[in-house]
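Trainee: Please find my_file.json (JSON, C-alpha atoms and all ligand atoms) on the next line:
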[["chain", "number", "residue", "atom", "x", "y", "z"],
["A", 257, "MET", "CA", -8.74, 15.65, 25.67],
["A", 258, "ARG", "CA", -9.88, 12.19, 26.60],
["A", 259, "THR", "CA", -12.89, 10.39, 25.14],
["A", 260, "GLN", "CA", -14.64, 7.39, 26.63],
["A", 261, "MET", "CA", -17.59, 5.50, 25.33],
["A", 262, "ALA", "CA", -20.00, 2.90, 26.65],
["A", 263, "THR", "CA", -22.76, 1.05, 24.86],
["A", 264, "GLU", "CA", -25.10, -1.77, 25.77],
["A", 265, "ALA", "CA", -27.97, -3.40, 23.89],
["A", 266, "GLY", "CA", -31.38, -3.10, 25.52],
["A", 267, "ARG", "CA", -32.08, -6.81, 25.17],
["A", 268, "ALA", "CA", -29.82, -9.85, 25.10],
["A", 269, "THR", "CA", -31.85, -11.31, 22.22],
["A", 270, "ALA", "CA", -31.47, -8.49, 19.67],
["A", 271, "PRO", "CA", -28.42, -6.61, 18.42],
["A", 272, "SER", "CA", -28.12, -2.96, 19.40],
["A", 273, "GLU", "CA", -29.20, -0.42, 16.80],
["A", 274, "ASP", "CA", -27.13, 2.33, 18.46],
["A", 275, "ARG", "CA", -23.77, 3.30, 17.01],
["A", 276, "ALA", "CA", -21.00, 5.38, 18.59],
["A", 277, "LEU", "CA", -18.42, 7.26, 16.54],
["A", 278, "VAL", "CA", -15.13, 8.62, 17.82],
["A", 279, "GLY", "CA", -13.23, 10.23, 14.96],
["A", 280, "PRO", "CA", -10.25, 12.57, 14.96],
["A", 281, "ASN", "CA", -12.40, 15.72, 15.22],
["A", 282, "LEU", "CA", -15.88, 14.30, 15.51],
["A", 283, "LEU", "CA", -17.93, 12.42, 18.08],
["A", 284, "ALA", "CA", -21.39, 11.06, 17.43],
["A", 285, "VAL", "CA", -24.11, 8.76, 18.69],
["A", 286, "LEU", "CA", -26.64, 7.32, 16.25],
["A", 287, "ASP", "CA", -29.78, 5.57, 17.44],
["A", 288, "GLY", "CA", -31.52, 3.54, 14.74],
["A", 289, "VAL", "CA", -35.30, 3.84, 15.00],
["A", 290, "THR", "CA", -36.81, 0.41, 15.72],
["A", 291, "ALA", "CA", -38.36, -0.88, 12.50],
["A", 292, "LYS", "CA", -42.08, -1.39, 11.98],
["A", 293, "ASP", "CA", -43.16, -4.59, 10.17],
["A", 294, "GLU", "CA", -43.17, -2.85, 6.79],
["A", 295, "THR", "CA", -40.34, -0.44, 5.97],
["A", 296, "GLY", "CA", -40.09, -0.61, 2.19],
["A", 297, "CYS", "CA", -36.40, -1.47, 2.74],
["A", 298, "VAL", "CA", -34.78, -4.89, 2.42],
["A", 299, "HIS", "CA", -32.04, -3.85, 4.86],
["A", 300, "SER", "CA", -32.02, -3.88, 8.65],
["A", 301, "VAL", "CA", -31.99, -0.80, 10.85],
["A", 302, "GLY", "CA", -28.51, -1.87, 11.95],
["A", 303, "TRP", "CA", -27.32, -1.82, 8.34],
["A", 304, "PHE", "CA", -28.75, 1.67, 7.89],
["A", 305, "ALA", "CA", -27.08, 2.94, 11.08],
["A", 306, "ASP", "CA", -23.75, 1.41, 10.01],
["A", 307, "GLN", "CA", -23.83, 3.08, 6.58],
["A", 308, "LEU", "CA", -24.88, 6.45, 7.97],
["A", 309, "ALA", "CA", -22.15, 6.32, 10.64],
["A", 310, "ALA", "CA", -19.46, 5.41, 8.10],
["A", 311, "GLU", "CA", -20.53, 8.22, 5.77],
["A", 312, "ILE", "CA", -20.64, 10.81, 8.58],
["A", 313, "LEU", "CA", -17.06, 9.92, 9.41],
["A", 314, "ARG", "CA", -16.09, 10.15, 5.74],
["A", 315, "PHE", "CA", -17.48, 13.70, 5.50],
["A", 316, "ALA", "CA", -16.25, 14.86, 8.91],
["A", 317, "HIS", "CA", -14.08, 17.52, 7.23],
["A", 318, "HIS", "CA", -17.33, 19.43, 6.58],
["A", 319, "GLY", "CA", -19.35, 21.11, 9.32],
["A", 320, "PRO", "CA", -21.86, 18.90, 11.22],
["A", 321, "ALA", "CA", -24.93, 19.76, 9.13],
["A", 322, "ALA", "CA", -23.09, 19.45, 5.79],
["A", 323, "ALA", "CA", -21.53, 16.15, 6.90],
["A", 324, "LEU", "CA", -24.95, 14.74, 7.83],
["A", 325, "VAL", "CA", -26.53, 15.96, 4.57],
["A", 326, "GLU", "CA", -23.79, 14.21, 2.57],
["A", 327, "ALA", "CA", -24.06, 11.07, 4.72],
["A", 328, "ILE", "CA", -27.82, 10.85, 4.09],
["A", 329, "LYS", "CA", -27.32, 11.35, 0.34],
["A", 330, "GLN", "CA", -24.59, 8.70, 0.11],
["A", 331, "THR", "CA", -26.55, 6.20, 2.21],
["A", 332, "ARG", "CA", -29.59, 6.85, 0.05],
["A", 333, "GLU", "CA", -27.60, 6.00, -3.08],
["A", 334, "LEU", "CA", -26.59, 2.67, -1.57],
["A", 335, "HIS", "CA", -30.16, 1.33, -1.62],
["A", 336, "GLU", "CA", -32.51, 3.56, -3.58],
["A", 337, "GLY", "CA", -32.46, 1.08, -6.46],
["A", 338, "ASP", "CA", -33.64, -1.85, -4.32],
["A", 339, "CYS", "CA", -35.77, -0.15, -1.67],
["A", 340, "ASP", "CA", -38.74, 2.22, -1.50],
["A", 341, "LEU", "CA", -37.17, 5.16, 0.29],
["A", 342, "ASP", "CA", -40.43, 7.17, 0.21],
["A", 343, "HIS", "CA", -42.01, 4.61, 2.54],
["A", 344, "PRO", "CA", -43.17, 6.37, 5.75],
["A", 345, "HIS", "CA", -41.30, 3.80, 7.89],
["A", 346, "SER", "CA", -38.08, 3.84, 5.85],
["A", 347, "PRO", "CA", -35.10, 3.25, 8.20],
["A", 348, "SER", "CA", -33.81, 6.29, 10.06],
["A", 349, "ALA", "CA", -31.73, 7.24, 13.06],
["A", 350, "ALA", "CA", -31.62, 9.93, 15.73],
["A", 351, "VAL", "CA", -28.24, 11.65, 15.59],
["A", 352, "GLY", "CA", -26.23, 13.58, 18.18],
["A", 353, "LEU", "CA", -22.99, 14.94, 16.78],
["A", 354, "VAL", "CA", -20.15, 17.09, 18.10],
["A", 355, "GLN", "CA", -17.30, 18.44, 16.01],
["A", 356, "ILE", "CA", -14.21, 20.18, 17.34],
["A", 357, "LYS", "CA", -12.42, 22.32, 14.79],
["A", 358, "ASP", "CA", -10.57, 25.64, 14.74],
["A", 359, "ASP", "CA", -11.04, 26.23, 18.50],
["A", 360, "VAL", "CA", -14.82, 25.90, 18.19],
["A", 361, "LEU", "CA", -17.14, 23.11, 19.29],
["A", 362, "ARG", "CA", -20.11, 22.68, 16.96],
["A", 363, "TYR", "CA", -23.02, 20.40, 17.81],
["A", 364, "LEU", "CA", -25.99, 19.02, 15.96],
["A", 365, "VAL", "CA", -29.01, 17.10, 17.25],
["A", 366, "LEU", "CA", -31.61, 15.54, 15.01],
["A", 367, "GLY", "CA", -34.18, 13.53, 16.95],
["A", 368, "ASP", "CA", -34.13, 12.33, 20.54],
["A", 369, "ALA", "CA", -30.36, 11.98, 20.98],
["A", 370, "THR", "CA", -29.02, 14.32, 23.68],
["A", 371, "VAL", "CA", -25.90, 16.48, 23.54],
["A", 372, "VAL", "CA", -24.73, 17.94, 26.87],
["A", 373, "VAL", "CA", -21.99, 20.58, 26.87],
["A", 374, "ASP", "CA", -20.71, 21.78, 30.22],
["A", 375, "THR", "CA", -18.97, 25.16, 29.89],
["A", 376, "LYS", "CA", -17.38, 27.47, 32.42],
["A", 377, "ARG", "CA", -20.58, 29.52, 32.41],
["A", 378, "GLU", "CA", -23.52, 27.21, 31.80],
["A", 379, "LEU", "CA", -24.80, 23.78, 30.91],
["A", 380, "HIS", "CA", -26.26, 23.22, 27.44],
["A", 381, "VAL", "CA", -28.63, 20.26, 27.18],
["A", 382, "VAL", "CA", -29.83, 19.83, 23.59],
["A", 383, "THR", "CA", -32.41, 17.27, 22.47],
["A", 384, "ASP", "CA", -35.61, 17.05, 20.43],
["A", 385, "THR", "CA", -38.03, 14.58, 21.97],
["A", 386, "GLN", "CA", -41.11, 16.26, 20.50],
["A", 387, "THR", "CA", -41.10, 16.22, 16.73],
["A", 388, "ASN", "CA", -40.09, 12.62, 15.85],
["A", 389, "ARG", "CA", -37.70, 14.02, 13.25],
["A", 390, "THR", "CA", -34.75, 11.78, 12.48],
["A", 391, "ALA", "CA", -32.08, 11.25, 9.81],
["A", 392, "GLY", "CA", -33.67, 9.01, 7.18],
["A", 393, "ALA", "CA", -33.72, 9.14, 3.41],
["A", 394, "ASN", "CA", -34.31, 12.87, 2.96],
["A", 395, "PRO", "CA", -31.28, 15.19, 3.28],
["A", 396, "ALA", "CA", -33.61, 18.22, 3.57],
["A", 397, "ASP", "CA", -34.64, 17.00, 7.06],
["A", 398, "VAL", "CA", -31.25, 18.19, 8.36],
["A", 399, "GLU", "CA", -32.66, 21.75, 8.16],
["A", 400, "HIS", "CA", -34.70, 20.90, 11.26],
["A", 401, "ALA", "CA", -31.68, 19.82, 13.32],
["A", 402, "LEU", "CA", -30.82, 21.77, 16.47],
["A", 403, "THR", "CA", -27.35, 23.24, 16.02],
["A", 404, "GLY", "CA", -24.99, 25.60, 17.80],
["A", 405, "GLU", "CA", -21.40, 26.47, 18.45],
["A", 406, "ILE", "CA", -19.40, 27.18, 21.59],
["A", 407, "PRO", "CA", -15.80, 28.47, 21.90],
["A", 408, "LEU", "CA", -13.65, 25.46, 22.74],
["A", 409, "ALA", "CA", -11.83, 27.39, 25.47],
["A", 410, "ASP", "CA", -15.10, 27.53, 27.47],
["A", 411, "VAL", "CA", -15.83, 23.79, 27.20],
["A", 412, "ARG", "CA", -15.16, 21.54, 30.19],
["A", 413, "ARG", "CA", -17.03, 18.35, 29.35],
["A", 414, "VAL", "CA", -19.23, 16.94, 26.64],
["A", 415, "ALA", "CA", -21.56, 13.95, 26.60],
["A", 416, "ILE", "CA", -23.65, 12.54, 23.77],
["A", 417, "LEU", "CA", -26.33, 10.03, 24.71],
["A", 418, "SER", "CA", -28.94, 7.94, 22.95],
["A", 419, "ASP", "CA", -32.40, 8.26, 24.50],
["A", 420, "GLY", "CA", -31.97, 4.81, 26.04],
["A", 421, "ALA", "CA", -29.10, 6.24, 28.13],
["A", 422, "ALA", "CA", -30.47, 9.77, 28.69],
["A", 423, "ARG", "CA", -33.47, 8.24, 30.46],
["A", 424, "ALA", "CA", -31.17, 7.78, 33.49],
["A", 425, "VAL", "CA", -31.66, 11.54, 33.93],
["A", 426, "ASP", "CA", -34.83, 12.53, 32.11],
["A", 427, "LEU", "CA", -37.02, 9.55, 33.02],
["A", 428, "PHE", "CA", -35.62, 7.88, 36.15],
["A", 429, "ASN", "CA", -34.17, 11.07, 37.68],
["A", 430, "LEU", "CA", -31.26, 9.07, 39.07],
["A", 431, "PHE", "CA", -29.30, 12.31, 39.00],
["A", 432, "ASP", "CA", -29.46, 15.72, 37.32],
["A", 433, "TRP", "CA", -27.17, 16.52, 34.38],
["A", 434, "PRO", "CA", -24.35, 18.10, 36.45],
["A", 435, "LYS", "CA", -24.26, 15.01, 38.69],
["A", 436, "ALA", "CA", -24.42, 12.69, 35.68],
["A", 437, "LEU", "CA", -21.34, 14.41, 34.23],
["A", 438, "GLU", "CA", -19.57, 14.14, 37.61],
["A", 439, "LEU", "CA", -20.35, 10.42, 37.68],
["A", 440, "MET", "CA", -18.97, 9.96, 34.16],
["A", 441, "ALA", "CA", -15.83, 11.95, 35.04],
["A", 442, "THR", "CA", -15.20, 9.81, 38.12],
["A", 443, "ASN", "CA", -16.41, 6.32, 37.15],
["A", 444, "GLY", "CA", -16.75, 6.48, 33.36],
["A", 445, "PRO", "CA", -19.91, 6.47, 31.25],
["A", 446, "ASP", "CA", -20.41, 2.72, 31.71],
["A", 447, "ASP", "CA", -21.30, 3.37, 35.35],
["A", 448, "LEU", "CA", -24.25, 5.52, 34.27],
["A", 449, "ILE", "CA", -25.57, 2.65, 32.15],
["A", 450, "ARG", "CA", -24.92, 0.12, 34.94],
["A", 451, "LYS", "CA", -26.83, 2.18, 37.54],
["A", 452, "MET", "CA", -29.71, 2.71, 35.11],
["A", 453, "ARG", "CA", -29.96, -0.99, 34.22],
["A", 454, "GLN", "CA", -30.29, -1.76, 37.94],
["A", 455, "VAL", "CA", -33.31, 0.54, 38.18],
["A", 456, "GLU", "CA", -34.82, -0.94, 35.02],
["A", 457, "LYS", "CA", -34.35, -4.43, 36.45],
["A", 458, "GLU", "CA", -36.08, -3.48, 39.70],
["A", 459, "ASP", "CA", -39.01, -2.07, 37.69],
["A", 460, "ALA", "CA", -39.10, -4.87, 35.12],
["A", 461, "LYS", "CA", -42.85, -4.46, 34.52],
["A", 462, "ALA", "CA", -42.49, -0.72, 33.84],
["A", 463, "ILE", "CA", -44.97, 0.17, 36.59],
["A", 464, "ASP", "CA", -43.07, 2.77, 38.64],
["A", 465, "TRP", "CA", -41.67, 4.36, 35.46],
["A", 466, "PRO", "CA", -44.08, 3.71, 32.59],
["A", 467, "ARG", "CA", -42.09, 3.21, 29.37],
["A", 468, "LYS", "CA", -42.49, 1.37, 26.07],
["A", 469, "LYS", "CA", -39.22, -0.53, 26.31],
["A", 470, "VAL", "CA", -38.22, -1.86, 29.73],
["A", 471, "SER", "CA", -34.59, -1.43, 28.64],
["A", 472, "ASP", "CA", -33.52, 0.33, 25.45],
["A", 473, "ASP", "CA", -30.18, 0.32, 23.62],
["A", 474, "ALA", "CA", -28.03, 2.73, 25.62],
["A", 475, "THR", "CA", -24.94, 4.55, 24.34],
["A", 476, "VAL", "CA", -22.79, 7.34, 25.76],
["A", 477, "VAL", "CA", -19.77, 9.12, 24.30],
["A", 478, "TYR", "CA", -18.08, 11.28, 26.93],
["A", 479, "LEU", "CA", -15.30, 13.81, 26.46],
["A", 480, "ASP", "CA", -13.26, 15.42, 29.23],
["A", 481, "ARG", "CA", -10.85, 18.26, 28.51],
["B", 501, "ZN", "ZN", -32.72, -0.57, 1.95]]
Here is the file; what I need is its structure written in the form of C-alpha cells.
Ligand SMILES: [Zn+2]
Mentor:
Amino acid sequence: MRTQMATEAGRATAPSEDRALVGPNLLAVLDGVTAKDETGCVHSVGWFADQLAAEILRFAHHGPAAALVEAIKQTRELHEGDCDLDHPHSPSAAVGLVQIKDDVLRYLVLGDATVVVDTKRELHVVTDTQTNRTAGANPADVEHALTGEIPLADVRRVAILSDGAARAVDLFNLFDWPKALELMATNGPDDLIRKMRQVEKEDAKAIDWPRKKVSDDATVVYLDR
C-alpha cells in the first residue's frame, strides 16, 4: 500500500487549519472550523487541530469512533481550566478518518470532510455537509458520525479530503469521483489541488461558482493498494 498526501493553505496570509495524519494503521484529515471573533478559548483553531490530531494518533489502537472520543476527551482536558468549552463557537474540526486493521477498512466522517473508498464493486462517497456537526469539546457528538466498514480485500483506493479540496468535484465539477481518483493515481493528489486552484484563480470574485471563501485550505490523503 502506498499513501500520498497534499495540503495547501487557502490564503498566503494565514496558516492552514487543515491537518493530515498518516499513521501506521490510520489515515485522517482534520479541518479546523474557522473561528468566529468570540470562541471562549484562548487558543487558536490551529492549536486545537494539532492537539486533536496528536491524540487521535495516540489512540489509533482503538476503533475510529473510540479513538475520536478519547481524542476529544484528552484535548478537552488540555484547556478546560482556562477556556469556556461550553461556548457555542468553541474550536472544533471536521474529521475524516480511515483505519485499516485485521483485514477490514473502517471509516468515520464527522462534518464536511469526505471519505471516498473505491472497491471492486462500488464507490463509497461519505460526507456530511448538512448538519454542521464537528469534533469539538463534546465526546458525545461522535455518536452522530457516519461510520462503516469494508473488507480490505475489496478496497482498491481510498481518498480523504477536506471540503476545501472536495470542492474540485462537488462544487467546480472538474471531474467526477472516479476520474478524481484516476487523476490522483496517475499524477498524485497535489495535481487535484493544483487544477482546482487554477479554476479558483480564474473565478477570483466567486461569480461563476458562488462560495464564501475564494480558496479554502485544501488537504488530500490518498491511498493506493
Ligand atoms: Zn482553549
Trainee: Dump the neighbourhood of ligand ZN 501 (chain B) as a PDB file with C-alpha atoms, in the frame of the given file: all residues within 6 Å, distances computed on all atoms listed in the file.
Mentor:
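Output contents, as saved in out_1.pdb:
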ATOM      1  CA  CYS A 297     -36.400  -1.470   2.740  1.00  0.00           C
ATOM      2  CA  VAL A 298     -34.780  -4.890   2.420  1.00  0.00           C
ATOM      3  CA  HIS A 299     -32.040  -3.850   4.860  1.00  0.00           C
ATOM      4  CA  HIS A 335     -30.160   1.330  -1.620  1.00  0.00           C
ATOM      5  CA  CYS A 339     -35.770  -0.150  -1.670  1.00  0.00           C
TER       6      CYS A 339
END
Trainee: Would you work out the distance separating atom CA of A:Val382 from atom CA of A:Ala291, expressed in Å to one decimal?
Mentor: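 Spanning atom CA of A:Val382 to atom CA of A:Ala291 is a straight-line distance of 25.0 Å.
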Trainee: Could you give me, as a PyMOL selection string, the residues within 10 Å of stretch 432-439 of chain A, counting all atoms listed in the file and dropping anything in the same chain fewer than 5 positions from it?
Mentor: chain A and resi 372-374+379-381+413-415+422+424-426+444-448+478-480
Trainee: Would you compute the distance between atom CA of A:Glu311 and atom CA of A:Ala421? Give it in Å to one decimal.
Mentor: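 About the pair atom CA of A:Glu311 and atom CA of A:Ala421: they are 24.0 Å apart.
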Trainee: What's the 8 Å shell around A:Val289, counting all atoms listed in the file, without same-chain residues fewer than 4 positions away, as a PyMOL selection string?
Mentor: chain A and resi 273+301+347-350
Trainee: Considering all atoms listed in the file, can you say which of A:Arg377, A:His400, A:Lys292, A:Arg481 comes closest to A:Leu364?
Mentor: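 The shortest atom-to-atom distance to A:Leu364 comes from A:His400.
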Trainee: So, with all atoms listed in the file as the atoms that count, which of A:Ala441, A:Arg423, A:Val411, A:Arg453 lies closest to A:Asp359?
Mentor: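 Residue with the minimum atom-to-atom distance to A:Asp359: A:Val411.
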Trainee: When you draw a straight line from atom CA of A:Tyr363 to atom CA of A:Pro395, how long is it in Å?
Mentor: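 Distance reported for this atom pair: 17.5 Å.
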Trainee: Stretch 472-477 of chain A: which residues within 7 Å, counting all atoms listed in the file, same-chain residues fewer than 3 positions away excluded, as a PyMOL selection string?
Mentor: chain A and resi 260-266+272-274+276+415-418+420-421+445+449+469
Trainee: Pick the closest to A:Thr331 from A:Asp358, A:Asp306, A:Asp293, A:Glu456: which is it, counting all atoms listed in the file?
Mentor: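 Among A:Asp358, A:Asp306, A:Asp293, A:Glu456, it is A:Asp306 that comes nearest to A:Thr331.
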Trainee: Using all atoms listed in the file, which of the listed residues (A:Asp340, A:Pro280, A:Ala393, A:Leu408) sits closest to A:Ala305?
Mentor: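 For A:Ala305, the nearest of the given residues is A:Ala393.
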Trainee: Using only C-alpha atoms, pick whichever of A:Val360, A:Val354, A:Pro320, A:Val470 has the shortest atom-to-atom distance to A:Glu399.
Mentor: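 Looking only at the distances to A:Glu399, the closest residue turns out to be A:Pro320.
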Trainee: Residues at most 9 Å from A:Arg362, counting all atoms listed in the file, excluding those fewer than 6 positions away in the same chain, as a PyMOL selection string?
Mentor: chain A and resi 319-320+353-356+403-407
Trainee: Under the rule that only C-alpha atoms are counted, which of A:Leu324, A:Ala316, A:Leu361, A:Met257 is the nearest residue to A:Leu286?
Mentor: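 Looking only at the distances to A:Leu286, the closest residue turns out to be A:Leu324.
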